[in-house]
Structures are given as C-alpha cells and as structure tokens.
There are 2 protein chains.
Amino acid sequence: MESHQILFYIALMLISARLFAELARKFNAPTIIGELGAGIVLGPTLLGWVEPNEVLRLLAEIGIILLLFEVGLETDLEKLIKAGPRAVVLALMGFVVPFGLGFAVSYFVFALPVLVALFIGGTLTATSIGVTVRILAGLGRHNSSEGQIVLGAAVIDDVLGVLLLAVLYEFVTIGSVSAGNVGSIILFVCLFFFLAPIFAKLVSCQIRRYNNLSDMPGLIPVMLVALVLIMASFAHEVGAPELLGGFAAGIALSRRFFLPFAAALKTDDEFTRRIGDEMRPIIQLFTPLFFVMVGLSLDLSAVDWSSSFIWAFSLSLIAVAILGKLVGGWLLPEPFHRRTVIGMAMVPRGEVGLIFAELGRTAGILVNEVYAGLIIVIAYTTLFAPFWIKWYYHQHGEKITND
Amino acid sequence: MESHQILFYIALMLISARLFAELARKFNAPTIIGELGAGIVLGPTLLGWVEPNEVLRLLAEIGIILLLFEVGLETDLEKLIKAGPRAVVLALMGFVVPFGLGFAVSYFVFALPVLVALFIGGTLTATSIGVTVRILAGLGRHNSSEGQIVLGAAVIDDVLGVLLLAVLYEFVTIGSVSAGNVGSIILFVCLFFFLAPIFAKLVSCQIRRYNNLSDMPGLIPVMLVALVLIMASFAHEVGAPELLGGFAAGIALSRRFFLPFAAALKTDDEFTRRIGDEMRPIIQLFTPLFFVMVGLSLDLSAVDWSSSFIWAFSLSLIAVAILGKLVGGWLLPEPFHRRTVIGMAMVPRGEVGLIFAELGRTAGILVNEVYAGLIIVIAYTTLFAPFWIKWYYHQHGEKITND
C-alpha cells in the first residue's frame, strides 16, 4: 500500500472516530461506542473503505499502550494495592467461570471437539482492558474504589489471557504443556511488575534532571514516549501483554507512586504536571486509532445470519460471557449494586477475544461458523456493555458510591 | 517484523536522536547533525541495529509533513509572496545548473551513458527542504528575509524535483516524454497551491467553531493531524510532494494568513496559540524520526573506498553540487554575504537526492559504483552544509542582516 493512501486512512479513521463519538454523545450514548462504530462503518462490515494493515495496526497498538500509560499516570498505587485481593478474586473467577462454562457449552451442548471447545473457552476469558478503562474514565469512575478493583482485575486478566494463549499454543503445536514453562512465565511477569516501575521511576528522575539542564525543546514528548515504548517491548520480552508496559510506566510516573527505601526520589509536581500537558495531545491523537481498529477487526459481513447454528451458538455463548463475569463480581464482599457494576465492567471482550479467535482460525482449529459465532459474542459484549454500565450508574449511581 | 521489535526501534531512534543532538549542541555543532548522525550510527553504515521498514518510513514521513506544517504555521504569507520572484530565480538556477553540470561531468568526463548521466543530474537538483528549514530554524533565521527566499525556493525546488522524477520515469518506461503530461502536472500543482490553503482555512474555521461547542477533549490534535494528513495525500494526488500538503495547511492556519474577499474569516489568536501548544509535542515527537531515517538510509558501508573511480567521481560531483547551488544565490540582487548564505542553504540534498538515487538503482540504471558515489555526494552535502552555514552566520551574521 502506498504511503499517501495510509496517510489518508489514518485521517479517515481520526475524523470518523471524532464525528461518531460526538454523535454518540449527542444521543447520550458512551463515546467509545462512536469510536468502535466508526471502525465497523469504515471496515469490511459496512463500507470496506479502510483495510487494516501493518502500519495501522502498529499505530493502534501505540494508542492502547499510551492509553494504559495515561491510566497508570492517574492511578493511586496505594489504592490499587489495597484493591489487590478483591481484584485477584474477580480476575480469577472471571477467568475460570467463562472458560469452564464456555468449554462445557461447546463440548457438551454443541458437541464440538475438545481443542475447539478449549479455544472457545479461551476466547471468552479475557476482558478488554482498553474498553473497560475507557468506559469507566468516560463516566469519571476510574479512580473510584470499584474502578480500582476493576482496573486491577483487568490487568491480571490480561496476563492470564496471554498465559492461556501461550499454553494453548504450546498444546496445539507440541501436543503437551510443560508446567515449567507456565511457571517461568508467571515468575517473569511478577518480576516485571515489581521491577519495571522502579526502573521507569529511576529513568524518569534522570529525564527530569536533564529537562532542567537542557535548553533544547521537546525532551518530554520524545523521552517519555521512548520510555513507554521500551517498557512495552520489555513487557513483551517477559511474556506479558505490551500494553502493561505502558501501564507500569504510567504508575511509576504518577504523582502517587512510592518506592520503599527511596524517599529521596521525591516527586516533582511541576514536572508531573508538564508530563500530563505535553503527553495529553499525543495520547488523544493515538487512542482513537485503537478503538477504530477494534471496530475494523469486527468483521460481521462474514456472518451467515440465516444459519440457525450461529444463532443458537452465539446466543448461548453471549449468556456465558456475561454471566461468567457477573459471577466474579457477585462473589466480592461489596454492596450489591457495586458488585454488579464491577461484574458488568468486566464483560467487554474486545481486542483480546479477537486475538484468541483469530489465532484459532489461522491455526485451522476454528471453522468459519464457529469463528463467526465468536465474533458476534465479542461484538455484542464490547458494544452493549458500555450502554448497560452507563445506564446502571445512571440508575444506581448513589447507591454504588455510598453503600 | 514483530510489533514489539518495531516499538523498540522507534524508542531507540528517539533516544539516540536526542542524545546525539545534545552531544552536537555541547560541541557547538548544529543539532540536526546529531539526528542525522544517530541514523548513521544505528543504521547499516555502522551498527546495523535498526532496519528501516514500512512502518518506520511512514512515521518518518509523518514527521517531515508535520515539520513542514509547523514551518507553514510560522510563515508570513505576505513576506513569502514578496520573496517569490527571487525564490523562483534561486530555485530555477539551483535546478538547471546542477542538472546541467552533473549531466555534463558524467557524460563527457566519466563517459557514462546518457540515461545514467540524466539520473545523476536529477539526483543533484533537489534541495532537502527538511534539512534546510531545520538548519535555518536552529539558527533562528527561518523568518528572516533570506530565510523566506530560501523557503520559497526549497518549496519550488521540491516540486521541480518531483516533476523531473516523473519525467525521467516516463522516459525510462515509455521511452519518450509527453509535454502534455508535464504541463498538466504543473497546472494541477499550481491549482493545489492556490486552492489548498483556502480549503484548509475554511476547514480550520469549522474546527474552531466546533472546538468552542464540544466538551469532549482532544479535538485539536485529532482534527488538525487529520487535516494535515489529508492535505498531504491531496498533494500526492495532484503530483506534488506530500510534505507540501503539510506546508499548505500550516500556511492556512498561520496567524498571518489572509484570504482575498474573506475578511470575515478573522483569525482567532487564542485558537492559533492553542494549536501551537497542542501540536508542538506531536511535532517534536515525530520530527526526529525523519532525520534519523535520512541517516539510516545513507548506507556508506556499501562504498568501496579503495576505488579510484568512486573518489574521482564523487569529488567532482560534490564540487558540482555545491557550486550549482551557490551560483543560484550569487545571481540574486542581494548583498554579497546574504547571496552566499542563501546559496549555501540550498546545498543539502538529503532525502530527495536519496529518492532519485534509489529509483535509479532499482530501475537498473545506476550500477553500484555510481550509486555509491552519489550516496557520498548526498551524505557530504547534507552533513557538512549545516556546519558551513552555522559558521558563516557566526562570521558574517551582522552583515547578512544589515547590508
């Protein structure tokens, strides 16, 4: 594809994302629906104007990494650690229940082969951390106590998803799974989460020092984006999703980050403010590309809507996908409405589900009908969850906060 | 190439560009030398750590388009128009003389075939607008009277370069050149330069109006980058270089833009200031990638330094490349020192020369030795011109300004 065409695609994605988001806002719908909708309209489902390619995918990926950086930047580490145990329960239950139910429904009800059923279960596990944080931020709830639980759980969930993907991949290619491999990935990821923010914090202190010395403009955008991208590629090296590198960098640079035994590295409020000011336009530029790309990848044109199998299969799995995440929320020791909205916030599957389904298809495990059914499940959970959550907050907002 | 690797490359390019630029500044060298040097060090010439690919090329291209947008934003249209006639003389002479001399030297002295000599002449014509404006901006001279002449000439020169490329390409593939095609490209490009800023201005007024109405953040970075990219792809459609689309958009949005019969579209200083504030970090992020990419593309490792042909050939052409541009400057009715610095500023060949040489090589017209010789010429003019210009301003700064 020629470069002027890609430039035009990028412009088209940016403009449509904005127009549709403004439209969504006008009709009181979540703005993320506008961005996802722009992708569905521009993509193969409707117009087929924009064809995703390597460049667009990479820009979208930078978008989600930077969004997670921003989320990290606004995160209070203490609150997040406090929410930790509940987040672990939520993540584990929201992983095990959809996986188990998804497997059971596929294997026993629809009589699909074991490997296929395993892949379907896998597709249903992972919450889209991007969609989830965007919904909560859109409602101004990302720093609430339920927001911290959901954020923590979404992070763990993403790690579990990648882990499961690695395990399934090993199982498909080698035919068995070594516990040692799984264990070493878990160890590396834990080490990464412990060391990465410390590393990022030390680097950021150097950047701050240099920023006061250098009279060349542009230090903050260049060095911070470089730091975020390096953390993302480190994350990948240890086996974690890349976007969590962005999150770790954000946490390290947030105003409320602390290092044990490092009281000397005091945060500089002026520097933190400047980081926010200079990074914001860059984040605002890249983030919509990610959500449009998710919409582009939801190819609903391939679905044969007259197939009764697809209807039965996707409706059952939609029930599993929703129930599986709600169960996790209901098990938490929180007031009812808060528990419910926490479960709801974990429902959107988005890009992680797509990666599973895509891998299953290219590996020849998921036939077209099954793949189409999964796409419906992913599209439904991604597109409708934002509405319910907004509606639920509208109905029970005070009870969620005060109870 | 996997995405985490590309992310790492981007980070590496950003960090090295900054480190080398700081180093250059420390040794009182032009900072652009640092960025070009970073590319030479990271690329095949020395370490071979970064391999240019489609994604990196596109990001670099966005970088130069945005840089030209910024240049346009700071341009006073009235001054530029006033500099017009001199810019035309400078551009035409700086095009004809290097082309003619380059052809003559290759054909008569080195006895190369006609087509090869034509390509060599072509490679020597085009000034690198990116390198030139960056040098002048680094010296704070981009808004001076000589800066406006150079800017105008570099723009025209870029158009002439693309035109010549199209003509040579037609000649190579069809064997003849139709004057009609050339004429229609010139017509379209002129129309583009007349209409594009008006279009961009009208769009920007809509963006401004919307900016006051919308309560969703991020309108300016998203819509302005989209506008710039669309203008760039329009520019390509009419046959002009893409970066000139960015320049046209910048001119349209500058504080000093005027439309005949459109006094109603008054500029809004607050909006212009916000555009600058929000676009600056994005421009600062992308621009270094372009200069690093130019450095990466200057592959000096392929040069056989023991070949006496390469030495003789490249030294003769370096003389032609420098003299050819100086002549254009000396013909202007300006004081001597100003004429000289204007000519010097046109010397760097950079990316446009590379495109010519690359096309000649892939078309099988330039053999390896000739290609290597041209790379030396491009590297020399691009890397040394910034030093002379800085030195010349240092020596004769007052005379250049006051005479």
# chains A, B, ... in the order shown; residues from 1 in each chain; ligands from 1

call {"tool": "interface_residues", "arguments": {"of": "chain B", "to": "chain A", "cutoff": "7 Å", "atoms": "only C-alpha atoms", "output": "PDB file with C-alpha atoms, in the first residue's frame"}}
result
ATOM      1  CA  SER B   3       5.411  -5.228  16.652  1.00  0.00           C
ATOM      2  CA  HIS B   4       7.382  -5.202  19.917  1.00  0.00           C
ATOM      3  CA  GLN B   5      10.553  -5.020  17.853  1.00  0.00           C
ATOM      4  CA  LEU B   7       8.304  -0.325  19.146  1.00  0.00           C
ATOM      5  CA  PHE B   8      11.836  -0.902  20.378  1.00  0.00           C
ATOM      6  CA  ALA B  11      12.330   4.111  21.055  1.00  0.00           C
ATOM      7  CA  LEU B  14      14.069   8.690  19.553  1.00  0.00           C
ATOM      8  CA  ILE B  15      16.612   8.233  22.324  1.00  0.00           C
ATOM      9  CA  VAL B  55       6.191   1.394   9.464  1.00  0.00           C
ATOM     10  CA  LEU B  58       5.723   6.106   7.314  1.00  0.00           C
ATOM     11  CA  GLY B 218      -8.779  16.200  22.159  1.00  0.00           C
ATOM     12  CA  PRO B 221      -4.744  17.206  17.942  1.00  0.00           C
ATOM     13  CA  VAL B 222      -7.096  14.742  16.269  1.00  0.00           C
ATOM     14  CA  MET B 223      -8.691  17.053  13.722  1.00  0.00           C
ATOM     15  CA  ALA B 226      -6.216  14.579  10.190  1.00  0.00           C
ATOM     16  CA  LEU B 229      -2.575  14.217   6.543  1.00  0.00           C
ATOM     17  CA  ILE B 230      -5.475  14.762   4.161  1.00  0.00           C
ATOM     18  CA  SER B 233      -2.482  12.933   0.439  1.00  0.00           C
ATOM     19  CA  HIS B 236       0.266  13.484  -3.700  1.00  0.00           C
ATOM     20  CA  GLU B 278      -1.199  21.158  21.424  1.00  0.00           C
ATOM     21  CA  PRO B 281       4.582  17.872  21.402  1.00  0.00           C
ATOM     22  CA  ILE B 282       3.286  15.819  18.476  1.00  0.00           C
ATOM     23  CA  GLN B 284       8.539  17.278  18.440  1.00  0.00           C
ATOM     24  CA  LEU B 285       7.865  13.556  18.721  1.00  0.00           C
TER      25      LEU B 285
END

call {"tool": "atom_distance", "arguments": {"atom1": "atom CA of A:Thr382", "atom2": "atom CA of A:Leu19"}}
result
19.7 Å

call {"tool": "residues_around", "arguments": {"residues": "A:Ala345", "least_positions_apart": "2", "cutoff": "9 Å", "atoms": "only C-alpha atoms", "output": "PyMOL selection string"}}
result
chain A and resi 127+132-133+135-136+147+150+325-326+340-343+347-348+385-386+389

call {"tool": "write_last_selection", "arguments": {"atoms": "N, CA and C atoms", "output": "compact mmCIF listing (two decimals), in the first residue's frame"}}
result
# COMPACT_ATOMS: atom_id res chain seq x y z
N THR A 127 -11.08 -10.00 29.50
CA THR A 127 -11.70 -8.67 29.46
C THR A 127 -10.83 -7.74 28.63
N THR A 132 -12.72 -1.36 28.87
CA THR A 132 -13.17 -1.20 30.24
C THR A 132 -12.70 0.12 30.86
N VAL A 133 -11.41 0.42 30.74
CA VAL A 133 -10.94 1.66 31.37
C VAL A 133 -11.52 2.87 30.67
N ILE A 135 -14.49 3.08 29.33
CA ILE A 135 -15.87 3.26 29.79
C ILE A 135 -15.86 3.95 31.16
N LEU A 136 -15.05 3.43 32.07
CA LEU A 136 -15.04 3.98 33.43
C LEU A 136 -14.54 5.42 33.43
N GLY A 147 -13.65 1.21 40.61
CA GLY A 147 -12.79 1.39 39.44
C GLY A 147 -11.43 0.75 39.66
N VAL A 150 -11.71 -3.06 39.43
CA VAL A 150 -11.86 -3.47 38.03
C VAL A 150 -10.53 -3.33 37.29
N LYS A 325 -18.74 -13.30 33.89
CA LYS A 325 -18.07 -12.15 34.52
C LYS A 325 -18.89 -11.62 35.69
N LEU A 326 -20.22 -11.70 35.59
CA LEU A 326 -21.05 -11.20 36.70
C LEU A 326 -20.81 -12.04 37.95
N THR A 340 -22.40 -5.67 41.29
CA THR A 340 -22.98 -5.90 39.96
C THR A 340 -22.26 -5.06 38.91
N VAL A 341 -22.03 -3.79 39.24
CA VAL A 341 -21.41 -2.93 38.23
C VAL A 341 -19.96 -3.37 38.00
N ILE A 342 -19.32 -3.90 39.03
CA ILE A 342 -17.95 -4.42 38.87
C ILE A 342 -17.96 -5.58 37.88
N GLY A 343 -18.90 -6.49 38.06
CA GLY A 343 -19.01 -7.61 37.13
C GLY A 343 -19.28 -7.14 35.71
N VAL A 347 -17.24 -7.29 31.44
CA VAL A 347 -17.86 -8.02 30.33
C VAL A 347 -17.22 -7.77 28.95
N PRO A 348 -16.84 -6.53 28.59
CA PRO A 348 -16.37 -6.32 27.21
C PRO A 348 -15.15 -7.17 26.87
N ALA A 385 -22.07 -3.66 26.50
CA ALA A 385 -21.69 -3.42 27.89
C ALA A 385 -21.57 -1.93 28.22
N PRO A 386 -20.98 -1.10 27.35
CA PRO A 386 -20.90 0.32 27.68
C PRO A 386 -22.27 0.93 27.97
N ILE A 389 -23.58 -0.30 31.47
CA ILE A 389 -22.83 0.27 32.59
C ILE A 389 -23.24 1.71 32.81

call {"tool": "decode", "arguments": {"residues": "stretch 124-173 of chain B", "atoms": "N, CA and C atoms", "output": "CSV table (one decimal), in the first residue's frame"}}
result
chain,number,residue,atom,x,y,z
B,124,LEU,N,21.3,15.5,-8.4
B,124,LEU,CA,21.9,16.7,-7.8
B,124,LEU,C,21.0,17.9,-7.8
B,125,THR,N,19.8,17.8,-8.3
B,125,THR,CA,19.0,19.0,-8.4
B,125,THR,C,18.3,19.4,-7.1
B,126,ALA,N,17.7,18.4,-6.4
B,126,ALA,CA,16.8,18.8,-5.3
B,126,ALA,C,17.4,19.1,-4.0
B,127,THR,N,17.1,20.3,-3.5
B,127,THR,CA,17.4,20.6,-2.1
B,127,THR,C,16.5,19.9,-1.1
B,128,SER,N,17.1,19.4,0.0
B,128,SER,CA,16.3,18.8,1.0
B,128,SER,C,15.6,19.9,1.8
B,129,ILE,N,14.3,20.1,1.6
B,129,ILE,CA,13.6,21.2,2.3
B,129,ILE,C,13.6,21.0,3.8
B,130,GLY,N,13.6,19.7,4.2
B,130,GLY,CA,13.6,19.4,5.7
B,130,GLY,C,14.8,19.8,6.3
B,131,VAL,N,16.0,19.4,5.7
B,131,VAL,CA,17.3,19.8,6.3
B,131,VAL,C,17.5,21.3,6.3
B,132,THR,N,17.1,21.9,5.2
B,132,THR,CA,17.3,23.3,5.1
B,132,THR,C,16.5,24.1,6.1
B,133,VAL,N,15.2,23.8,6.2
B,133,VAL,CA,14.4,24.6,7.2
B,133,VAL,C,14.9,24.3,8.6
B,134,ARG,N,15.3,23.1,8.9
B,134,ARG,CA,15.7,22.8,10.2
B,134,ARG,C,17.0,23.5,10.6
B,135,ILE,N,17.9,23.7,9.6
B,135,ILE,CA,19.1,24.4,9.9
B,135,ILE,C,18.8,25.9,10.2
B,136,LEU,N,18.0,26.5,9.3
B,136,LEU,CA,17.7,27.9,9.5
B,136,LEU,C,16.9,28.1,10.8
B,137,ALA,N,15.9,27.2,11.1
B,137,ALA,CA,15.2,27.4,12.4
B,137,ALA,C,16.1,27.2,13.5
B,138,GLY,N,17.1,26.3,13.4
B,138,GLY,CA,18.1,26.1,14.5
B,138,GLY,C,18.9,27.4,14.8
B,139,LEU,N,19.1,28.2,13.7
B,139,LEU,CA,19.8,29.4,13.9
B,139,LEU,C,18.9,30.6,14.1
B,140,GLY,N,17.6,30.3,14.2
B,140,GLY,CA,16.6,31.4,14.4
B,140,GLY,C,16.5,32.3,13.2
B,141,ARG,N,16.8,31.8,12.0
B,141,ARG,CA,16.8,32.6,10.8
B,141,ARG,C,15.7,32.3,9.8
B,142,HIS,N,14.7,31.4,10.2
B,142,HIS,CA,13.7,31.0,9.2
B,142,HIS,C,12.7,32.1,8.9
B,143,ASN,N,12.6,33.1,9.7
B,143,ASN,CA,11.7,34.2,9.4
B,143,ASN,C,12.4,35.4,8.8
B,144,SER,N,13.7,35.4,8.6
B,144,SER,CA,14.5,36.5,8.1
B,144,SER,C,14.2,36.6,6.6
B,145,SER,N,14.6,37.7,6.0
B,145,SER,CA,14.3,37.9,4.6
B,145,SER,C,15.0,36.8,3.7
B,146,GLU,N,16.2,36.5,4.1
B,146,GLU,CA,16.9,35.4,3.3
B,146,GLU,C,16.2,34.1,3.6
B,147,GLY,N,15.7,33.9,4.8
B,147,GLY,CA,15.1,32.6,5.2
B,147,GLY,C,13.8,32.4,4.3
B,148,GLN,N,13.1,33.5,4.0
B,148,GLN,CA,11.9,33.4,3.2
B,148,GLN,C,12.2,33.1,1.8
B,149,ILE,N,13.3,33.7,1.3
B,149,ILE,CA,13.7,33.3,-0.1
B,149,ILE,C,14.1,31.9,-0.2
B,150,VAL,N,14.9,31.4,0.8
B,150,VAL,CA,15.3,30.0,0.7
B,150,VAL,C,14.1,29.1,0.9
B,151,LEU,N,13.2,29.4,1.8
B,151,LEU,CA,12.0,28.6,2.0
B,151,LEU,C,11.2,28.5,0.7
B,152,GLY,N,10.9,29.6,0.1
B,152,GLY,CA,10.2,29.6,-1.2
B,152,GLY,C,10.9,28.8,-2.2
B,153,ALA,N,12.2,29.0,-2.3
B,153,ALA,CA,12.9,28.3,-3.4
B,153,ALA,C,12.9,26.8,-3.1
B,154,ALA,N,13.0,26.4,-1.8
B,154,ALA,CA,13.1,25.0,-1.5
B,154,ALA,C,11.7,24.3,-1.8
B,155,VAL,N,10.6,25.1,-1.6
B,155,VAL,CA,9.3,24.5,-2.0
B,155,VAL,C,9.3,24.3,-3.5
B,156,ILE,N,9.6,25.3,-4.3
B,156,ILE,CA,9.6,25.2,-5.7
B,156,ILE,C,10.5,24.1,-6.2
B,157,ASP,N,11.7,24.1,-5.6
B,157,ASP,CA,12.7,23.1,-5.9
B,157,ASP,C,12.1,21.6,-5.7
B,158,ASP,N,11.4,21.5,-4.6
B,158,ASP,CA,10.8,20.2,-4.4
B,158,ASP,C,9.8,19.8,-5.4
B,159,VAL,N,9.0,20.7,-5.9
B,159,VAL,CA,8.1,20.5,-6.9
B,159,VAL,C,8.8,20.1,-8.2
B,160,LEU,N,9.8,20.9,-8.5
B,160,LEU,CA,10.6,20.6,-9.7
B,160,LEU,C,11.2,19.2,-9.7
B,161,GLY,N,11.7,18.9,-8.5
B,161,GLY,CA,12.4,17.6,-8.3
B,161,GLY,C,11.4,16.4,-8.6
B,162,VAL,N,10.2,16.5,-8.1
B,162,VAL,CA,9.2,15.5,-8.3
B,162,VAL,C,8.8,15.5,-9.8
B,163,LEU,N,8.7,16.7,-10.4
B,163,LEU,CA,8.4,16.7,-11.8
B,163,LEU,C,9.4,16.0,-12.6
B,164,LEU,N,10.7,16.3,-12.3
B,164,LEU,CA,11.8,15.7,-13.1
B,164,LEU,C,11.8,14.2,-12.9
B,165,LEU,N,11.5,13.8,-11.7
B,165,LEU,CA,11.4,12.4,-11.4
B,165,LEU,C,10.3,11.7,-12.3
B,166,ALA,N,9.2,12.4,-12.3
B,166,ALA,CA,8.1,11.8,-13.2
B,166,ALA,C,8.5,11.8,-14.6
B,167,VAL,N,9.2,12.8,-15.1
B,167,VAL,CA,9.6,12.9,-16.5
B,167,VAL,C,10.6,11.8,-16.8
B,168,LEU,N,11.6,11.6,-15.9
B,168,LEU,CA,12.6,10.6,-16.1
B,168,LEU,C,12.0,9.2,-16.1
B,169,TYR,N,11.1,9.0,-15.2
B,169,TYR,CA,10.4,7.7,-15.0
B,169,TYR,C,9.6,7.4,-16.3
B,170,GLU,N,8.9,8.4,-16.8
B,170,GLU,CA,8.2,8.2,-18.1
B,170,GLU,C,9.2,7.9,-19.2
B,171,PHE,N,10.3,8.6,-19.2
B,171,PHE,CA,11.3,8.4,-20.2
B,171,PHE,C,11.9,6.9,-20.2
B,172,VAL,N,12.1,6.5,-19.0
B,172,VAL,CA,12.7,5.1,-18.8
B,172,VAL,C,11.7,4.1,-19.2
B,173,THR,N,10.4,4.2,-18.8
B,173,THR,CA,9.4,3.2,-19.0
B,173,THR,C,8.8,3.2,-20.4
